[in-house]
Structure formats: C-alpha cells, structure tokens
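Taking it in order: structure first as structure tokens, then the write-up.
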Amino acid sequence: MTETIKDAVARRRTFAIIAHPDAGKTTLTEKLLLFGGAIQLAGEVKAKKDRMNTRSDWMKIERERGISVVTSVMTFEYGDNVFNLLDTPGHEDFADDTYRTLSAVDSAVMVIDAAKGIEPRTLKLFEVCRLRDIPIVTFVNKMDREARNTFEILDEIEAKLALDTAPMTWPVGQGRTFSGTYHLPTNSVRKGDDEMERTPVNGPDSNRVAGLLPLNEQEAFIEELELAREACKPFDRQAFLEGHLTPVYFGSALRNFGVRDLIEALGAFAPPPRDQEADSRVVHATEPEMSAFVFKIQANMDPNHRDRIAFVRVCSGELKRGMKAKLVRTGKQMSLTAPQFFFARSRITADEAYAGDVVGIPNHGTLRIGDTLTEGEEILFRGVPNFAPEILRRVRLGDPMKAKKLKEALQQMAEEGVVQLFQPEDGSPAIVGVVGALQLDVLKERLAAEYGLPVDFEIARFTVCRWIDADSPAELDRFIDSHRGDIARDLDGDPVFLAQHGFGLNYEADRWKQITFTAIKDYQ
Ligand code: G4P
C-alpha cells in the first residue's frame with residue numbers, strides 16, 4: 001500500500017551536516033548511514049569517496065587535494081523516519097555549491113570538534129543557515145579525546161553564534177573516561193550506540209551512572225549536572241524552529257557515542273518538509289500536486305553512462321516514475337521515466353517520492369539549476385542563489401578551430417553550475433566567473449578530460465561583477481547603452497555590469513541612483 005502524502009511528509013527529515021574540515025563530518029555521516037542500515041560496514045563512505053575519485057579524470061583534483069568536490073545525497077531510515085542527508089563540499093572554494101544545497105534542506109546538524117570549538121568555516125556555514133532560517137542541531141564530536149570543559153563549549157556557541165543553547169545530553173566522563181551520555185529531559189543514560197534504548201535512572205547520583213565513571217569523577221559529574229539544570233536553558237522547540245536556539249548533543253562519531261541520540265533528536269523534533277515559497281504563492285508540502293526544483297546538476301557521475309543528473313528536491317505531492325512534468329522555464333513537458341534515489345553505495349529507480357525527498361533525474365541538458373517542475377501550474381520557486389563571482393577570467397584556447405566546441409562546453413559547464421558564464425555585449429570572448437580558484441582547476445581539468453579542450457585562463461580587465469536592474473526598463477536600457485563595453489549577459493540573458501575594481505562600481509552606483517547593483521541573484 002502506498003502511504004498517503006500526509007504520512008509520507010510527516011516521516012521525512014531532509015538535512016545537511018555543516019562543519020569545519022576535520023571536525024568529523026565524514027565519520028558521522030558514515031555512522032548515521034550505518035545505524036540507518038544504508039551501509040553494512042563503517043568505512044564505506046570513505047571507500048566510496050576513494051572509488052568515486054577513480055571514476056572520472058576530473059575528480060583527480062579531489063584526490064590530489066583531499067577535498068570533496070562532489071555533493072551527494074544519501075537516504076536512510078531509522079525508526080519511523082526517512083532521512084535524506086545532503087552532503088556538501090568541505091572546501092570553501094565550492095561555497096556556492098554548498099549554499100545551493102542548503103536551499104534544499106529543512107534542518108542542519110552542526111558538527112563541532114570538542115577541542116577546537118567554533119572554527120571559521122563552521123561560522124560561515126552557520127551564517128548561511130541563519131539567513132535561511134534553517135534550524136540547527138549541534139553535535140559536539142570527539143568527546144573521547146582531550147576536550148574543552150562542557151560549559152565552555154556551550155558558552156562559545158552562544159557567544160560566537162549569538163545562539164541560545166540547550167544541552168540535551170551531558171557527557172558522562174571526558175577524554176579517556178568518556179563512557180556515555182546522560183539525557184537531561186528524561187533522566188536516562190546510554191553507554192554507547194551499541195545500546196538501542198536509553199536506560200532510565202533516578203538521577204545523576206544513581207548507581208548506573210556511577211558505574212560508568214571512575215571514583216574520583218563521580219562527585220564532579222553530579223555537581224556539573226545540577227549546575228547544568230540550573231544554568232542552562234531548557235529546550236524550546238519553537239525557539240529551535242525559529243533558529244534562536246540549538247539543542248546540543250555530545251558524542252564521538254568514531255567510537256560510537258551519541259550518534260543514536262542525534263538521530264532520535266532529528267526524528268523527534270527536526271522539522272518535516274517545509275512549505276516552499278514560490279513567486280505567486282506558498283506551496284504546502286502536503287498538497288496533492290507534484291512540484292519540485294533543481295538545486296544541483298552533476299555530469300558524468302559514472303563515465304559508463306556519460307549521464308547528466310539533475311538533483312531535484314520535491315516540494316509537494318507525489319513524484320511518480322513515468323509521470324509527465326512541466327518544466328516551467330520553457331513551458332515544455334518532460335517525462336520522468338527514470339528518477340533515482342541515492343544510497344551510500346548505489347542508486348535505485350525511484351517509484352515515488354514525496355516532499356523533502358531528493359531524486360536524481362537523468363537528462364541531456366534539459367534541466368538547469370533553479371528550474372521548477374510542476375504538474376502544470378505556472379509557479380517558480382525562488383531561493384536557489386547565484387553569487388557574484390569573485391574571480392573573472394577569459395578562457396584562452398590553444399586551437400582556435402575549436403572555438404565553437406569551447407562555447408558549447410562552457411555553456412554546459414555553466415548550466416551545471418561549475419562556473420558562471422558571461423557574454424560581453426560588445427562581442428568579445430566570453431568571461432567565466434567563479435567564487436573560488438579551485439573551481440577554475442575543475443573547469444580546466446574537465447574541459448580537457450571530457451571535451452578534449454586544453455585551455456588556459458587570462459586575467460580579464462574586470463574584477464567585479466554585479467547584476468543590474470531598475471524599476472524603469474528605459475532607465476536600465478539607458479545605462480546599458482552608455483556602458484556597452486562593460487556589460488555582459490549571464491546564462492539567462494540577464495545583464496551584469498563589469499567593473500575594473502570596487503571603486504569603479506561605487507562611482508557608477510553613485511551616478512546612477514535608479515540602477516540596482518546586486519551581488520546575489522536567485523535562479524528562477
Ligand atoms: P571531516 O569529514 O569533517 O573532514 O572529518 P573526518 O570524519 O574525516 O574526521 C577527521 C579525523 O578525525 C579523522 O582522522 C577521523 O578518524 C577523526 N575523528 C572523527 N570523529 C572522531 C571522534 O569522535 N573521535 C576521535 N578521536 N577522532 C575522530 P584522520 O586520522 O584524519 O583520518 P583517518 O585516517 O582516521 O580516517
């Protein structure tokens with residue numbers, strides 16, 4: 001029996017993990033999948049990363065630099081819930097990829113290294129979550145090692161993120177004596193993730209807790225817990241959903257502590273698929289008609305297939321295999337003949353998917369980032385962002401005979417979101433823009449490996465790029481006419497103003513008050 005849309009939506013939790021590199025994101029992902037039955041043995045996510053590296057040439061970059069370029073999605077079940085975990089690249093040069101992925105989640109797990117606290121990348125990613133009102137559950141990892149004092153960690157989160165904390169568990173022991181977690185709201189303990197259930201206790205002074213601690217730490221633990229109860233805020237779900245408070249869990253992903261606490265928390269109070277804002281109305285997750293948007297395109301995931309997969313987040317209704325969907329940007333119908341679900345090890349055909357689910361739709365370039373799919377309704381989802389590139393380059397081609405091929409290849413790379421592409425109005429060669437320099441390496445590697453196009457990059461005359469608009473189309477035309485040499489069009493044909501430096505931008509912005517210059521554009 002297929003489940004009703006309402007039940008399916010209520011069960012789903014779609015989330016991402018945000019962390020500074022090395023905090024333990026991969027290890028935690030692995031354990032989540034392990035306990036969710038999606039993989040048999042810990043170590044497979046890493047193994048998969050390695051295997052994927054050998055899959056196609058351009059991923060050599062990833063192998064060489066030990067970073068994850070690939071964003072992927074993993075689905076697993078635990079208890080009554082279906083979890084969709086969207087992975088994000090760790091390296092900040094791929095920040096725009098991460099931001100797009102965060103547009104497709106309903107909550108995030110923030111992993112913190114217990115010894116290092118809030119690190120720069122955690123802070124940055126947290127800020128993106130805050131902008132998008134994404135509720136955050138905190139997992140303080142590596143409690144099995146030398147860690148900061150628990151109160152200190154909570155204080156640092158509050159101070160650096162301006163976010164209230166509510167410790168939900170308290171570590172029993174620390175470093176070498178770390179031996180379990182004490183659940184404050186229910187007064188129960190769990191020795192480690194091998195224990196499926198928590199054991200209720202009378203309080204921190206119970207024999208069961210004492211049995212987990214060396215004699216000389218027992219008293220201090222009881223005192224700490226009492227202080228925690230007095231000094232810390234209790235969990236308030238509304239404040240959590242509004243992004244004002246984060247529940248905090250302690251554990252060790254490597255040694256299997258606290259991971260079950262975390263999964264249970266996501267199931268118990270992380271939000272189910274949210275209602276999604278479109279241009280003309282808000283779409284409710286439980287509406288019967290299917291709607292979805294594309295937040296990521298990935299080409300050649302498997303060179304045997306030479307395929308291009310659009311990652312689509314379902315926002316409402318039921319996405320069924322074989323159904324026809326309308327691609328709102330073009331008005332054309334497309335058949336969803338082989339939508340796919342992803343697991344750690346494999347992908348399988350998806351027969352039906354509901355709000356919160358992410359499916360891969362193989363296509364040959366029909367779908368772009370930001371596209372909306374519906375059962376016919378003319379709505380466009382907003383909010384998959386496009387960031388003004390910080391590095392602008394012209395592509396220099398060794399063999400001028402291949403100019404047409406290069407144009408096509410760049411167009412495809414831009415549609416995938418690997419780079420942004422700008423065609424100058426004056427007919428000069430295209431300019432590519434990226435947020436991080438490593439994206440240029442990926443572009444170069446892929447143009448060579450997949451299209452046989454060896455290229456170099458030349459510094460462009462411009463360093464700043466802004467989308468331009470005006471309330472009055474005539475005024476916009478006037479600006480464009482008088483700056484022809486500094487105007488280019490993006491993939492959608494929207495105009496951008498290119499400046500040699502920030503000073504030039506400010507100068508024009510001062511003179512042309514009716515023109516808006518923006519650094520972020522929502523795909524549509
Ligand atoms: P990342 O994806 O956030 O970059 O981190 P990853 O999981 O790869 O973990 C980074 C390092 O921290 C790894 O060690 C990993 O084993 C270790 N680690 C993760 N969680 C814990 C934990 O709870 N306790 C302890 N003590 N260590 C943890 P590595 O030596 O860099 O890699 P590996 O050779 O062990 O795979």
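Just so we're on the same page: first chain in the structure tokens is A, next is B, and so on; residues restart at 1 for each chain, and ligands are numbered from 1 in the order they show up.
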Can you tell me, as an mmCIF file with N, CA and C atoms, in the first residue's frame, what residues are no more than 7 Å from segment 348-364 of chain A when counting only C-alpha atoms, ignoring any on the same chain fewer than 6 positions away?
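Listing of part.cif after writing:
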```
data_model
loop_
_atom_site.group_PDB
_atom_site.id
_atom_site.type_symbol
_atom_site.label_atom_id
_atom_site.label_comp_id
_atom_site.auth_asym_id
_atom_site.auth_seq_id
_atom_site.Cartn_x
_atom_site.Cartn_y
_atom_site.Cartn_z
ATOM 1 N N ILE A 5 0.144 11.031 1.233
ATOM 2 C CA ILE A 5 1.122 12.115 1.138
ATOM 3 C C ILE A 5 1.381 12.710 2.528
ATOM 4 N N ALA A 8 3.621 10.440 4.529
ATOM 5 C CA ALA A 8 4.975 10.412 3.959
ATOM 6 C C ALA A 8 5.733 11.684 4.327
ATOM 7 N N VAL A 9 5.047 12.806 4.255
ATOM 8 C CA VAL A 9 5.699 14.084 4.556
ATOM 9 C C VAL A 9 6.084 14.138 6.037
ATOM 10 N N ARG A 12 9.396 12.435 6.934
ATOM 11 C CA ARG A 12 10.665 12.832 6.296
ATOM 12 C C ARG A 12 11.445 13.916 7.029
ATOM 13 N N ARG A 13 12.757 13.752 7.008
ATOM 14 C CA ARG A 13 13.668 14.769 7.561
ATOM 15 C C ARG A 13 14.776 14.955 6.532
ATOM 16 N N THR A 14 14.886 16.149 6.008
ATOM 17 C CA THR A 14 15.905 16.415 4.993
ATOM 18 C C THR A 14 16.896 17.400 5.575
ATOM 19 N N ASN A 84 16.861 12.157 4.573
ATOM 20 C CA ASN A 84 17.631 12.496 3.373
ATOM 21 C C ASN A 84 18.772 13.391 3.819
ATOM 22 N N PRO A 273 9.350 18.335 6.007
ATOM 23 C CA PRO A 273 9.475 19.225 4.842
ATOM 24 C C PRO A 273 8.631 20.491 4.974
ATOM 25 N N ALA A 285 3.682 21.434 1.606
ATOM 26 C CA ALA A 285 4.317 20.136 1.347
ATOM 27 C C ALA A 285 3.295 19.016 1.141
ATOM 28 N N ASP A 307 26.247 10.378 -18.169
ATOM 29 C CA ASP A 307 24.933 10.988 -17.935
ATOM 30 C C ASP A 307 25.055 12.343 -17.239
ATOM 31 N N ARG A 308 23.951 13.024 -17.223
ATOM 32 C CA ARG A 308 23.874 14.293 -16.521
ATOM 33 C C ARG A 308 22.666 14.170 -15.602
ATOM 34 N N ILE A 309 22.908 14.358 -14.333
ATOM 35 C CA ILE A 309 21.831 14.155 -13.364
ATOM 36 C C ILE A 309 21.447 15.492 -12.752
ATOM 37 N N ALA A 310 20.158 15.755 -12.763
ATOM 38 C CA ALA A 310 19.678 16.940 -12.048
ATOM 39 C C ALA A 310 19.180 16.465 -10.690
ATOM 40 N N PHE A 311 19.686 17.061 -9.625
ATOM 41 C CA PHE A 311 19.190 16.746 -8.281
ATOM 42 C C PHE A 311 17.994 17.649 -8.016
ATOM 43 N N VAL A 312 16.882 17.004 -7.746
ATOM 44 C CA VAL A 312 15.619 17.722 -7.627
ATOM 45 C C VAL A 312 15.066 17.533 -6.224
ATOM 46 N N ARG A 313 14.699 18.610 -5.581
ATOM 47 C CA ARG A 313 14.015 18.460 -4.301
ATOM 48 C C ARG A 313 12.519 18.548 -4.546
ATOM 49 N N VAL A 314 11.809 17.512 -4.093
ATOM 50 C CA VAL A 314 10.357 17.525 -4.219
ATOM 51 C C VAL A 314 9.804 18.464 -3.151
ATOM 52 N N CYS A 315 8.864 19.324 -3.541
ATOM 53 C CA CYS A 315 8.295 20.291 -2.583
ATOM 54 C C CYS A 315 6.868 19.950 -2.190
ATOM 55 N N SER A 316 6.156 19.222 -3.065
ATOM 56 C CA SER A 316 4.780 18.839 -2.726
ATOM 57 C C SER A 316 4.365 17.665 -3.586
ATOM 58 N N GLY A 317 3.241 17.055 -3.196
ATOM 59 C CA GLY A 317 2.649 15.987 -3.997
ATOM 60 C C GLY A 317 3.508 14.745 -4.057
ATOM 61 N N GLU A 318 3.315 14.016 -5.148
ATOM 62 C CA GLU A 318 3.986 12.727 -5.293
ATOM 63 C C GLU A 318 4.668 12.702 -6.650
ATOM 64 N N LEU A 319 5.974 12.539 -6.634
ATOM 65 C CA LEU A 319 6.692 12.428 -7.906
ATOM 66 C C LEU A 319 6.745 10.951 -8.245
ATOM 67 N N LYS A 320 6.049 10.592 -9.335
ATOM 68 C CA LYS A 320 5.958 9.168 -9.672
ATOM 69 C C LYS A 320 6.761 8.871 -10.926
ATOM 70 N N ARG A 321 7.368 7.702 -10.901
ATOM 71 C CA ARG A 321 8.126 7.303 -12.083
ATOM 72 C C ARG A 321 7.201 7.251 -13.287
ATOM 73 N N ALA A 338 12.950 7.842 -15.454
ATOM 74 C CA ALA A 338 13.851 7.084 -14.576
ATOM 75 C C ALA A 338 14.387 7.914 -13.412
ATOM 76 N N PRO A 339 13.490 8.454 -12.581
ATOM 77 C CA PRO A 339 14.001 9.182 -11.412
ATOM 78 C C PRO A 339 14.744 8.209 -10.489
ATOM 79 N N GLN A 340 15.757 8.717 -9.785
ATOM 80 C CA GLN A 340 16.580 7.816 -8.986
ATOM 81 C C GLN A 340 16.730 8.290 -7.555
ATOM 82 N N PHE A 341 16.815 7.303 -6.663
ATOM 83 C CA PHE A 341 17.185 7.585 -5.279
ATOM 84 C C PHE A 341 18.645 7.217 -5.091
ATOM 85 N N PHE A 342 19.304 7.872 -4.150
ATOM 86 C CA PHE A 342 20.712 7.577 -3.923
ATOM 87 C C PHE A 342 20.917 6.982 -2.542
#
```
Practice task
Could you tell me, counting only C-alpha atoms and all ligand atoms, which protein and nucleic acid residues lie no more than 7 Å from ligand 1, written as a list of chain:residue names?
Solution key: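 For ligand 1, the residues inside 7 Å are A:Ala19, A:His20, A:Pro21, A:Asp22, A:Ala23, A:Gly24, A:Lys25, A:Thr26, A:Thr27, A:Leu28, A:Asn141, A:Lys142, A:Met143, A:Asp144, A:Arg145, A:Gly251, A:Ser252, A:Ala253, A:Leu254, A:Arg255.
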Problem - Residue nearest Arg130 of chain A - candidates A:Leu491, A:Leu245, A:Ile468, A:Ala414, atoms counted: only C-alpha atoms - result: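 Among A:Leu491, A:Leu245, A:Ile468, A:Ala414, it is A:Leu245 that comes nearest to Arg130 of chain A.
Remark: for Arg121 of chain A, the closest of the candidate residues A:Pro89, A:Asp275, A:Val464, A:Glu156 is A:Pro89 (distances computed over only C-alpha atoms).
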Exercise for the section: From segment 10-232 of chain A, collect each residue whose DSSP state is strand (DSSP E or B) and return the set as a ChimeraX atom specification. Expected result: /A:12-19,73-78,81-86,107-113,117,136-141,164-167,169-172,180-183,188-190,199-200
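When atom CA of Val172 of chain A is paired with atom CA of Phe257 of chain A, their separation reads 10.6 Å.
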Practice task
Can you check which residues of segment 133-374 of chain A DSSP gives as helix (DSSP H, G or I) on the backbone and send them as a ChimeraX atom specification?
Solution key: /A:150-161,175-177,207-210,215-231,237-241,259-269
Practice task
Using atom CA of Asp441 of chain A and atom CA of Cys129 of chain A as the two end points, give the distance in Å to one decimal.
Solution key: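 Between atom CA of Asp441 of chain A and atom CA of Cys129 of chain A the gap works out to 27.8 Å.
Shortest separation to Tyr78 of chain A among A:Tyr182, A:Tyr507, A:Phe151, A:Phe35 occurs at residue A:Phe35, atoms counted being only C-alpha atoms.
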Exercise for the section: Find the residue from A:Asp164, A:Leu227, A:Ala499, A:Lys31 that sits nearest to Asp194 of chain A; use only C-alpha atoms when measuring. Expected result: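 Ranking A:Asp164, A:Leu227, A:Ala499, A:Lys31 by distance to Asp194 of chain A, first place goes to A:Lys31.
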So which residues touch segment 420-428 of chain A within 10 Å, counting only C-alpha atoms, skipping near sequence neighbours fewer than 2 positions away, as a short mmCIF file (atom, residue, chain, number, x, y, z; two decimals) with C-alpha atoms, in the first residue's frame?
```
data_model
loop_
_atom_site.label_atom_id
_atom_site.label_comp_id
_atom_site.auth_asym_id
_atom_site.auth_seq_id
_atom_site.Cartn_x
_atom_site.Cartn_y
_atom_site.Cartn_z
CA ASN A 386 23.70 32.64 -7.57
CA PHE A 387 26.62 34.57 -6.11
CA ALA A 388 28.53 37.22 -7.99
CA PRO A 389 31.85 35.64 -8.91
CA LEU A 392 36.78 36.67 -13.57
CA ARG A 393 38.81 35.14 -16.38
CA ARG A 394 38.82 34.83 -20.14
CA LYS A 407 31.40 27.70 -26.48
CA LEU A 410 31.30 26.36 -21.40
CA GLN A 411 27.56 26.66 -21.81
CA GLN A 412 27.16 23.14 -20.39
CA MET A 413 29.53 23.78 -17.51
CA ALA A 414 27.65 26.95 -16.67
CA GLU A 415 24.31 25.13 -16.74
CA GLU A 416 25.76 22.64 -14.28
CA GLY A 417 26.88 25.47 -12.02
CA VAL A 418 30.59 24.60 -12.31
CA ALA A 430 33.13 35.03 -23.07
CA ILE A 431 34.19 35.59 -19.49
CA VAL A 432 33.97 32.87 -16.87
CA GLY A 433 33.43 33.71 -13.24
CA VAL A 434 33.99 31.62 -10.13
CA VAL A 435 33.72 32.11 -6.40
CA CYS A 465 30.60 41.73 -11.41
CA ILE A 480 23.33 49.58 -20.74
CA ASP A 481 23.63 51.79 -23.83
CA HIS A 483 28.25 51.28 -20.79
CA ARG A 484 28.26 48.80 -23.70
CA GLY A 485 31.88 47.82 -23.17
CA ASP A 486 31.24 46.91 -19.53
CA ILE A 487 28.01 44.97 -19.90
CA ALA A 488 27.64 41.24 -20.30
CA ARG A 489 24.76 38.78 -20.16
CA ASP A 490 24.56 35.74 -17.91
CA LEU A 491 23.19 32.35 -18.88
CA ASP A 492 19.61 33.59 -18.55
CA GLY A 493 20.30 36.71 -20.61
CA ASP A 494 20.18 38.94 -17.54
CA PRO A 495 22.56 41.89 -17.71
CA VAL A 496 25.59 42.31 -15.47
CA PHE A 497 27.84 45.30 -15.06
CA LEU A 498 31.56 44.53 -15.05
#
```
